[in-house]
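For reference, the structure is listed below as structure tokens.
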Amino acid sequence: METVKIKNNSHSVIVEALTKKFGGFTAVNNISFRVSGGEIFGFLGANGAGKTTAIRMLCGLLMPTSGQATVAGFDVYTEYEKIKMNIGYMSQKFSLYEDLTVRENIEFYGGVYGLSRKEIREKTDYLMDYLKLWDHADDLTKSLPLGWKQRMALSTALLHDPDIIFLDEPTSGVDPVSRRNFWLLIYELAEQGKTIFVTTHFMDEAEYCHRLSIMRDGLIVELDKPGVLKKKYNAENMQDVFMKIVRGGKGQD
Amino acid sequence: MNLILLSIIKKEFHHILRDPQTLTIIIFMPVMMLFLFGYAITLEMKQIETAIIDEAKSNESRAFIEQLMATDFFRITSADVKSNQIETIFKERKARCALIIPYDFSSALQRNKKVKIQLLVDASDPNAANFINNYVNQLNLKFNLKNNADVFIPFSFEPVMLYNPDLKSYYFFVPGLIAVILLLISALLTSIAIVREKERGTMEQILVSPVSPIQIIIGKTLPYTALGFLDSIIILLFGCLWFGVPLNGPVLLLGFSLILYIITGLSFGLLVSTISKTQQVAMLAALLATILPTIMLSGFIFPVASMPLIFQYLSLIVPATHFLEIIRGIMLKGIGLKELYIQLGYLFILTAFLIALSIKKFSRNLEG
């Protein structure tokens, strides 16, 4: 356990034997991995495999049952308040407040993260430029198309400029063009040196990740680069890799 | 810190102002309930349908009947009824009471003999039956005093109605309504406001931010405190200006008790929100936990003192019981802190307990 406590700058997220039980049910079972700064780290798995539970533990939304984890060098058990200042989080359910305007949403989340009025104004201007939303700044968010909303939501979750970004199925329900635009945004963020931690069940998206971990029944069954995994399972694409792993075939069928 | 709180409060007001449903609850419900209770639901009785069976048909009996008709209490729906028709009249609900004046009414009166007038009352509504009985006895007394001045009555009660001389039921209802509506608004809206964010997933987003639970709670409840206060002012204004309910006591103490009571409701709402996952459950829980005890157990309609002992003890933990004594005391009797400190103390303890419990239960993460 000593090694976990070492605050290694090159590792944004360090997880050792992390476990979460809900009563008798083990949602996350003894998982370990490290994620480096600037990496796009993908979490794959069927529904109920434990992806969301794992991500929630790292964001301080759930207390682990056992194991160790640090995020941005802070312990998830004791320093979650510090973790919160250093992470951005976007859940699968998260959309902005539909009955607030685009501008009001930015103002609210900026305020919640303790930004000053001046910073909020600057951020708003920047985001309006960046997302080309000036025409819709004072429209209610519910009037925006879903793809825009998702990008808006991500930008809003990043108002406080966090180093690590957790995205829990950010593109579910979004059309392919918007998904592509969303991933361009993710790449841009990674180039800025931000660590991206993303769960998805779109296999084409999995290909975009630098490294992938595949979960089944709370366990991490594979963890490597997409290319390595394809070679190992002798598969054309990630879809095949995933199907073989989920069937429990370990590349033998 | 202040800016964080301000952001939450501002956002909450945006939600309220853009939600017609919430606005309706806040503005129209109190006014509607006030008029409903003030006019339609009244405990006063008048225009009681009455049947008369006048077997005497004399000057004296007619004088007696005229005297009855002169009051607003009786309305004669069936005069000159044959005695064999009485049952039909009651069954067809044409009358709630019937007076039978015997054929020897006049001759007995003239001979100073005691006359018995029979009063038949439909007692399927026992309260009304009692009321009618009492009223007729009073009339009887008056009639006797007037026509038999030499009858010696050793003593008599001279009732003087204090604080509400005309026995107007809205004197009783208006302060009570404030107790009901305030608790409902503050508990219902707060719990829905929090559960709605859980449902939409935005609560998760707030919980991963550095906002502390206290800031969430204060930011969420402060707007509804203001609205609850606004509501109580609306009801007070309507009550005092439209219905003419007096406000005799110290206004400042009333304001303080109102705020204390609103906080009671808010902490109730918080508590409800911690146990509900959907808005429907929150609404149901808030209604059951606030409205029912407030209406049934607090003395809003039924006096606590006439409840079975176990309910009297139970009523002690209903915040409205104490608040009703405070607000009726201040408004109608004009009493102040000196007479009300025990009730205020009770309310204070109940509120403190609820706040402590709800803050303890309000989870900083998703596990609660």
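Ligands are numbered from 1 in the order shown, chains are lettered A, B, ... in the order of the structure tokens, and residues start at 1 in each chain.
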Contacts of chain B with chain A up to 7 Å, shortest pair per row, only C-alpha atoms, as CSV:
residue,atom,partner,partner_atom,distance
B:Leu3,CA,A:Gly111,CA,6.2
B:Ile4,CA,A:Val112,CA,4.9
B:Ser7,CA,A:Phe108,CA,5.3
B:Ile8,CA,A:Phe108,CA,6.9
B:Lys11,CA,A:Phe108,CA,6.6
B:His14,CA,A:Leu100,CA,6.9
B:His15,CA,A:Asp99,CA,6.6
B:Arg18,CA,A:Asp99,CA,7.0
B:Arg200,CA,A:Lys93,CA,6.8
B:Gly201,CA,A:Lys93,CA,5.4
B:Thr202,CA,A:Phe94,CA,6.0
B:Val208,CA,A:Lys84,CA,5.8
B:Ser209,CA,A:Lys84,CA,5.6
B:Pro210,CA,A:Lys84,CA,5.6
B:Val211,CA,A:Val112,CA,6.3
B:Asn365,CA,A:Leu61,CA,4.7
B:Leu366,CA,A:Leu61,CA,5.6
B:Glu367,CA,A:Leu62,CA,6.4
Just write the chosen residues, all heavy atoms, as a short mmCIF file (atom, residue, chain, number, x, y, z; two decimals), in the first residue's frame.
data_model
loop_
_atom_site.label_atom_id
_atom_site.label_comp_id
_atom_site.auth_asym_id
_atom_site.auth_seq_id
_atom_site.Cartn_x
_atom_site.Cartn_y
_atom_site.Cartn_z
N LEU B 3 -20.66 34.09 -3.10
CA LEU B 3 -21.01 34.04 -4.51
C LEU B 3 -21.59 32.67 -4.86
O LEU B 3 -22.52 32.57 -5.66
CB LEU B 3 -19.76 34.33 -5.36
CG LEU B 3 -20.05 34.89 -6.75
CD1 LEU B 3 -20.82 36.19 -6.65
CD2 LEU B 3 -18.76 35.09 -7.52
N ILE B 4 -21.04 31.62 -4.22
CA ILE B 4 -21.56 30.27 -4.46
C ILE B 4 -23.03 30.20 -4.04
O ILE B 4 -23.89 29.77 -4.79
CB ILE B 4 -20.73 29.23 -3.67
CG1 ILE B 4 -19.31 29.17 -4.22
CG2 ILE B 4 -21.39 27.86 -3.72
CD1 ILE B 4 -18.41 28.18 -3.52
N SER B 7 -25.25 32.12 -6.34
CA SER B 7 -25.51 31.43 -7.61
C SER B 7 -26.65 30.44 -7.46
O SER B 7 -27.52 30.33 -8.32
CB SER B 7 -24.27 30.66 -8.09
OG SER B 7 -23.13 31.47 -8.02
N ILE B 8 -26.62 29.69 -6.34
CA ILE B 8 -27.66 28.68 -6.13
C ILE B 8 -29.02 29.35 -5.95
O ILE B 8 -30.02 28.94 -6.52
CB ILE B 8 -27.33 27.80 -4.90
CG1 ILE B 8 -25.97 27.11 -5.11
CG2 ILE B 8 -28.41 26.76 -4.68
CD1 ILE B 8 -25.54 26.25 -3.95
N LYS B 11 -30.31 30.73 -9.23
CA LYS B 11 -30.76 29.64 -10.09
C LYS B 11 -32.13 29.15 -9.66
O LYS B 11 -33.01 28.91 -10.47
CB LYS B 11 -29.75 28.50 -10.02
CG LYS B 11 -30.06 27.36 -10.96
CD LYS B 11 -29.54 26.06 -10.43
CE LYS B 11 -30.44 25.54 -9.37
NZ LYS B 11 -30.28 24.18 -8.99
N HIS B 14 -34.82 31.37 -10.79
CA HIS B 14 -35.09 31.16 -12.22
C HIS B 14 -36.06 29.99 -12.39
O HIS B 14 -37.02 30.07 -13.15
CB HIS B 14 -33.80 30.84 -12.99
CG HIS B 14 -32.97 32.06 -13.27
ND1 HIS B 14 -33.48 33.19 -13.86
CD2 HIS B 14 -31.66 32.32 -13.07
CE1 HIS B 14 -32.54 34.09 -14.00
NE2 HIS B 14 -31.41 33.59 -13.51
N HIS B 15 -35.77 28.89 -11.67
CA HIS B 15 -36.64 27.70 -11.77
C HIS B 15 -38.08 28.06 -11.39
O HIS B 15 -39.02 27.70 -12.07
CB HIS B 15 -36.18 26.60 -10.80
CG HIS B 15 -34.93 25.90 -11.24
ND1 HIS B 15 -34.69 25.55 -12.54
CD2 HIS B 15 -33.86 25.48 -10.55
CE1 HIS B 15 -33.52 24.95 -12.63
NE2 HIS B 15 -32.99 24.90 -11.43
N ARG B 18 -40.00 30.32 -13.82
CA ARG B 18 -40.31 29.77 -15.13
C ARG B 18 -41.20 28.55 -15.05
O ARG B 18 -41.50 27.95 -16.07
CB ARG B 18 -39.00 29.40 -15.85
CG ARG B 18 -38.29 30.66 -16.26
CD ARG B 18 -37.10 30.43 -17.13
NE ARG B 18 -36.40 31.70 -17.27
CZ ARG B 18 -35.10 31.83 -17.26
NH1 ARG B 18 -34.33 30.77 -17.16
NH2 ARG B 18 -34.54 33.01 -17.37
N ARG B 200 -33.19 14.41 -12.37
CA ARG B 200 -32.58 14.85 -13.62
C ARG B 200 -31.08 14.59 -13.67
O ARG B 200 -30.46 14.75 -14.71
CB ARG B 200 -32.80 16.35 -13.79
CG ARG B 200 -34.23 16.72 -14.05
CD ARG B 200 -34.31 18.20 -14.24
NE ARG B 200 -35.69 18.63 -14.39
CZ ARG B 200 -36.06 19.90 -14.31
NH1 ARG B 200 -35.16 20.83 -14.07
NH2 ARG B 200 -37.32 20.23 -14.45
N GLY B 201 -30.49 14.23 -12.53
CA GLY B 201 -29.06 13.96 -12.51
C GLY B 201 -28.21 15.20 -12.27
O GLY B 201 -26.99 15.13 -12.24
N THR B 202 -28.86 16.35 -12.07
CA THR B 202 -28.08 17.56 -11.85
C THR B 202 -27.54 17.61 -10.42
O THR B 202 -26.55 18.28 -10.15
CB THR B 202 -28.91 18.82 -12.12
OG1 THR B 202 -30.20 18.64 -11.55
CG2 THR B 202 -29.05 19.04 -13.61
N VAL B 208 -20.44 16.76 -7.15
CA VAL B 208 -19.01 16.63 -7.49
C VAL B 208 -18.31 17.99 -7.47
O VAL B 208 -17.10 18.05 -7.61
CB VAL B 208 -18.74 15.99 -8.87
CG1 VAL B 208 -19.12 14.54 -8.87
CG2 VAL B 208 -19.39 16.74 -9.98
N SER B 209 -19.09 19.05 -7.32
CA SER B 209 -18.47 20.36 -7.23
C SER B 209 -18.09 20.63 -5.77
O SER B 209 -18.55 19.94 -4.87
CB SER B 209 -19.43 21.43 -7.74
OG SER B 209 -20.41 21.68 -6.75
N PRO B 210 -17.25 21.63 -5.54
CA PRO B 210 -16.80 21.86 -4.15
C PRO B 210 -17.84 22.49 -3.23
O PRO B 210 -17.51 22.87 -2.12
CB PRO B 210 -15.60 22.82 -4.32
CG PRO B 210 -15.44 23.08 -5.76
CD PRO B 210 -16.58 22.51 -6.50
N VAL B 211 -19.08 22.59 -3.66
CA VAL B 211 -20.12 23.17 -2.82
C VAL B 211 -20.35 22.28 -1.59
O VAL B 211 -20.41 21.06 -1.72
CB VAL B 211 -21.45 23.27 -3.61
CG1 VAL B 211 -22.54 23.85 -2.74
CG2 VAL B 211 -21.26 24.14 -4.83
N ASN B 365 -22.94 12.58 -0.60
CA ASN B 365 -22.68 11.81 -1.81
C ASN B 365 -23.95 11.06 -2.22
O ASN B 365 -25.04 11.41 -1.82
CB ASN B 365 -21.50 10.87 -1.62
CG ASN B 365 -21.67 9.99 -0.40
OD1 ASN B 365 -22.77 9.55 -0.11
ND2 ASN B 365 -20.59 9.76 0.33
N LEU B 366 -23.81 10.04 -3.01
CA LEU B 366 -24.99 9.39 -3.58
C LEU B 366 -25.44 8.18 -2.77
O LEU B 366 -26.29 7.43 -3.21
CB LEU B 366 -24.68 8.94 -5.01
CG LEU B 366 -24.44 10.06 -6.00
CD1 LEU B 366 -23.99 9.51 -7.32
CD2 LEU B 366 -25.71 10.88 -6.18
N GLU B 367 -24.87 7.99 -1.59
CA GLU B 367 -25.17 6.75 -0.88
C GLU B 367 -26.39 6.84 0.01
O GLU B 367 -26.91 5.83 0.43
CB GLU B 367 -23.95 6.32 -0.04
CG GLU B 367 -22.70 6.36 -0.86
CD GLU B 367 -21.70 5.29 -0.49
OE1 GLU B 367 -22.12 4.23 -0.03
OE2 GLU B 367 -20.51 5.52 -0.68
#
* Asked: Which polymer residues have any atom within 9 Å of an atom of A:Leu131, counting only C-alpha atoms, with same-chain residues fewer than 5 positions away left out, as a PyMOL selection string?
  -> chain A and resi 126+148+151-152+155
* All alpha helix (DSSP H) positions in stretch 29-194 of chain A, as a ChimeraX atom specification -> /A:51-58,80-86,102-112,117-131,146-157,176-191
* Which polymer residues have any atom within 8 Å of an atom of stretch 83-95 of chain B, counting only C-alpha atoms, with same-chain residues fewer than 3 positions away left out, as a ChimeraX atom specification? -> /B:48-51,53,77-78,98,122
Could you take the residues named above and write them with N, CA, C and O atoms, as a CSV table (one decimal), in the first residue's frame?
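Just written: again_1.csv:
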chain,number,residue,atom,x,y,z
B,48,ILE,N,-81.9,26.6,8.7
B,48,ILE,CA,-82.2,25.2,8.9
B,48,ILE,C,-83.6,24.9,8.4
B,48,ILE,O,-84.6,25.6,8.7
B,49,GLU,N,-83.7,23.9,7.5
B,49,GLU,CA,-85.0,23.5,6.9
B,49,GLU,C,-85.9,23.0,8.0
B,49,GLU,O,-85.5,22.0,8.7
B,50,THR,N,-87.0,23.6,8.2
B,50,THR,CA,-87.9,23.2,9.3
B,50,THR,C,-89.3,22.9,8.8
B,50,THR,O,-89.8,23.6,8.0
B,51,ALA,N,-89.9,21.9,9.5
B,51,ALA,CA,-91.3,21.6,9.2
B,51,ALA,C,-92.1,22.0,10.4
B,51,ALA,O,-91.6,21.8,11.6
B,53,ILE,N,-95.8,21.5,12.4
B,53,ILE,CA,-97.1,20.9,12.5
B,53,ILE,C,-97.9,21.6,13.5
B,53,ILE,O,-97.6,21.5,14.7
B,77,THR,N,-89.7,25.1,5.6
B,77,THR,CA,-89.9,24.5,4.2
B,77,THR,C,-91.2,23.9,4.1
B,77,THR,O,-91.7,23.8,3.0
B,78,SER,N,-91.7,23.3,5.2
B,78,SER,CA,-93.0,22.7,5.1
B,78,SER,C,-93.9,23.2,6.2
B,78,SER,O,-93.6,22.8,7.4
B,98,ALA,N,-88.4,19.3,13.0
B,98,ALA,CA,-89.9,19.5,12.9
B,98,ALA,C,-90.4,19.9,14.3
B,98,ALA,O,-89.9,19.4,15.3
B,122,ASP,N,-83.4,15.6,13.0
B,122,ASP,CA,-82.7,14.6,12.2
B,122,ASP,C,-81.3,14.5,12.8
B,122,ASP,O,-80.5,15.4,12.5
* If you run DSSP on the backbone, which residues of stretch 12-222 of chain A are strand (DSSP E or B), as JSON, numbers by chain? -> {"A": [12, 13, 14, 15, 16, 17, 18, 19, 20, 21, 22, 25, 26, 27, 28, 29, 30, 31, 32, 33, 34, 35, 36, 40, 41, 42, 43, 44, 45, 66, 67, 68, 69, 70, 71, 74, 75, 87, 88, 89, 90, 101, 140, 164, 165, 166, 167, 168, 195, 196, 197, 198, 199, 200, 211, 212, 213, 214, 215, 216, 219, 220, 221, 222]}
